[in-house]
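The block underneath contains the structure these notes are about, expressed in structure tokens.
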Amino acid sequence: MTTKELTIYTDGAARGNPGPGGYGAILKWGEVEKELSGGYRLTTNNRMEIMAVIAALEALTKTNLHIRIYSDSQYVVKAVQQGWLSNWIKTDFKGGKKNKDLWKRYYQLSQKHNIQFVWVKGHADNPYNNRCDELATEAADRSNLPADVPYESDID
């Protein structure tokens, strides 16, 4: 019996850094695809890269899935693959590591699944990554975006 794998593509964008930002994700389960996107009025590119992953994982109704996440964010992929996140969690983000709120949120979600990250070159020949980029930039360009409250609270 072959275990079916969920494939997720993600991307984040910010118009200015910080500036209005958005994220996009595509979830693929066999032939079924679902697109997700959202944005915030003031945020950063790295926050949107993480948020794309979180939004995709929060959309899931099942646990214990085998998930392969494709991201063009070295920050996100390396944080997980190279153990940075594990160390940040152990030290409670000592030294002022950024995006603690989102990394903790991701970490909780990640405990429910078997997740593997794959880095892909951004703005290249991967149609799913390119579509996620479109979703993210379209979301960043929407009017009346909500506040990224944890981020805006930190900069006040």
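Letters A, B, ... mark the chains of the structure tokens in the order given; residue numbers begin at 1 per chain; ligand numbers begin at 1, in order shown.
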*Please report, as a ChimeraX atom specification, each residue of stretch 3-119 of chain A to which DSSP assigns helix (DSSP H, G or I) when run on this structure's backbone.*
/A:45-58,74-81,84-90,100-110
*Write out as a list in words the residues lying within 9 Å of A:Gln74, counting only C-alpha atoms and excluding same-chain residues fewer than 4 positions away.*
Lys78, Ala79, Trp119 and Val120 of chain A
Write the selection just made, keeping N, CA and C atoms, as an mmCIF file, in the first residue's frame?
data_model
loop_
_atom_site.group_PDB
_atom_site.id
_atom_site.type_symbol
_atom_site.label_atom_id
_atom_site.label_comp_id
_atom_site.auth_asym_id
_atom_site.auth_seq_id
_atom_site.Cartn_x
_atom_site.Cartn_y
_atom_site.Cartn_z
ATOM 1 N N LYS A 78 15.496 26.591 5.301
ATOM 2 C CA LYS A 78 16.666 26.354 6.151
ATOM 3 C C LYS A 78 16.302 26.361 7.636
ATOM 4 N N ALA A 79 15.365 27.209 8.031
ATOM 5 C CA ALA A 79 14.971 27.252 9.442
ATOM 6 C C ALA A 79 14.503 25.876 9.910
ATOM 7 N N TRP A 119 13.277 23.232 -1.333
ATOM 8 C CA TRP A 119 13.494 24.578 -1.839
ATOM 9 C C TRP A 119 13.404 24.559 -3.367
ATOM 10 N N VAL A 120 12.696 25.556 -3.925
ATOM 11 C CA VAL A 120 12.620 25.724 -5.379
ATOM 12 C C VAL A 120 13.061 27.143 -5.707
#
*List every residue of stretch 68-123 of chain A that DSSP, applied to the backbone, labels as strand (DSSP E or B), and write the result as a list in words.*
Arg68, Ile69, Tyr70, Ser71, Asn114, Ile115, Gln116, Phe117, Val118 and Trp119 of chain A
Dump C-alpha atoms for the selected residues as a compact mmCIF listing (two decimals), in the first residue's frame?
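Result file part.txt:
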# COMPACT_ATOMS: atom_id res chain seq x y z
CA ARG A 68 5.93 17.87 0.94
CA ILE A 69 6.10 21.67 1.00
CA TYR A 70 7.77 23.52 -1.87
CA SER A 71 8.98 27.02 -1.00
CA ASN A 114 5.23 14.35 8.70
CA ILE A 115 6.55 17.37 6.76
CA GLN A 116 9.40 17.61 4.30
CA PHE A 117 10.48 20.92 2.78
CA VAL A 118 11.90 21.33 -0.71
CA TRP A 119 13.49 24.58 -1.84
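Using only C-alpha atoms, the shortest contact distance between A:Thr10 and any of A:Gln108, A:Ser73, A:Asn64, A:Ser143 is found at A:Ser73.
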*For stretch 55-58 of chain A: contacts at 7 Å, only C-alpha atoms, fewer than 2 positions along chain excluded, given as JSON, numbers by chain*: {"A": [25, 27, 51, 52, 53, 60, 109]}
*Excluding same-chain residues fewer than 4 positions from A:Asp154, what lies within 12 Å of it counting only C-alpha atoms, as a VMD selection string?*
chain A and resid 42 to 43 96 98 to 101 148 to 150
Can you write just those residues out, C-alpha atoms, as an mmCIF file, in the first residue's frame?
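Full text of again21.cif as output:
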data_model
loop_
_atom_site.group_PDB
_atom_site.id
_atom_site.type_symbol
_atom_site.label_atom_id
_atom_site.label_comp_id
_atom_site.auth_asym_id
_atom_site.auth_seq_id
_atom_site.Cartn_x
_atom_site.Cartn_y
_atom_site.Cartn_z
ATOM 1 C CA LEU A 42 1.928 46.194 7.009
ATOM 2 C CA THR A 43 4.201 43.177 7.237
ATOM 3 C CA GLY A 96 15.453 38.555 19.602
ATOM 4 C CA LYS A 98 12.186 37.571 14.488
ATOM 5 C CA ASN A 99 8.728 36.197 13.785
ATOM 6 C CA LYS A 100 8.449 34.249 17.031
ATOM 7 C CA ASP A 101 4.635 34.320 16.896
ATOM 8 C CA ASP A 148 -0.701 41.951 11.080
ATOM 9 C CA VAL A 149 -1.286 42.667 14.762
ATOM 10 C CA PRO A 150 1.749 40.878 16.266
#
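Between atom CA of A:Leu65 and atom CA of A:Gly12 lies a distance of 23.5 Å.
For the atom pair formed by atom CA of A:Asn126 and atom CA of A:Tyr9, the distance is 9.9 Å, given to one decimal.
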*Do you know which residues are at most 10 Å from A:Asn45 counting only C-alpha atoms, after dropping those on the same chain fewer than 2 positions away, and could you put them as an NGL selection string?*
:A and (11-23 or 43 or 47-51 or 73)
Generate the output file for the selected residues, C-alpha atoms, as a PDB file, in the first residue's frame.
ATOM      1  CA  ASP A  11       5.034  31.911  -1.572  1.00  0.00           C
ATOM      2  CA  GLY A  12       4.980  35.241   0.209  1.00  0.00           C
ATOM      3  CA  ALA A  13       5.376  38.806  -1.005  1.00  0.00           C
ATOM      4  CA  ALA A  14       5.613  42.306   0.393  1.00  0.00           C
ATOM      5  CA  ARG A  15       5.339  45.625  -1.413  1.00  0.00           C
ATOM      6  CA  GLY A  16       8.183  47.229   0.433  1.00  0.00           C
ATOM      7  CA  ASN A  17       9.776  45.437   3.340  1.00  0.00           C
ATOM      8  CA  PRO A  18       7.914  46.306   5.486  1.00  0.00           C
ATOM      9  CA  GLY A  19       4.856  47.157   3.474  1.00  0.00           C
ATOM     10  CA  PRO A  20       1.573  45.621   2.381  1.00  0.00           C
ATOM     11  CA  GLY A  21       2.091  41.891   2.041  1.00  0.00           C
ATOM     12  CA  GLY A  22       0.409  38.739   0.900  1.00  0.00           C
ATOM     13  CA  TYR A  23       0.787  34.996   0.778  1.00  0.00           C
ATOM     14  CA  THR A  43       4.201  43.177   7.237  1.00  0.00           C
ATOM     15  CA  ARG A  47       6.436  36.834   7.605  1.00  0.00           C
ATOM     16  CA  MET A  48       4.382  36.205   4.480  1.00  0.00           C
ATOM     17  CA  GLU A  49       6.613  33.279   3.469  1.00  0.00           C
ATOM     18  CA  ILE A  50       5.931  31.634   6.843  1.00  0.00           C
ATOM     19  CA  MET A  51       2.262  32.641   6.776  1.00  0.00           C
ATOM     20  CA  SER A  73      12.187  30.954   0.771  1.00  0.00           C
TER      21      SER A  73
END
Which neighbours of A:Gly30 fall inside 10 Å, counting only C-alpha atoms, when residues of the same chain fewer than 4 positions from it are skipped, and could you give them as an mmCIF file with C-alpha atoms, in the first residue's frame?
data_model
loop_
_atom_site.group_PDB
_atom_site.id
_atom_site.type_symbol
_atom_site.label_atom_id
_atom_site.label_comp_id
_atom_site.auth_asym_id
_atom_site.auth_seq_id
_atom_site.Cartn_x
_atom_site.Cartn_y
_atom_site.Cartn_z
ATOM 1 C CA LYS A 4 -0.657 9.268 -0.437
ATOM 2 C CA GLU A 5 1.269 12.501 -0.070
ATOM 3 C CA LEU A 6 -0.118 16.010 0.138
ATOM 4 C CA THR A 7 1.883 18.488 -1.905
#
*asked:* Residues within 12 Å of A:Ser86, please, as an NGL selection string. Count only C-alpha atoms; anything in the same chain fewer than 2 positions from it doesn't count.
replied: :A and (78-84 or 88-93 or 103-104 or 106-108 or 110-111)
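Counting from atom CA of A:Asp72, the distance to atom CA of A:Lys121 is 5.5 Å.
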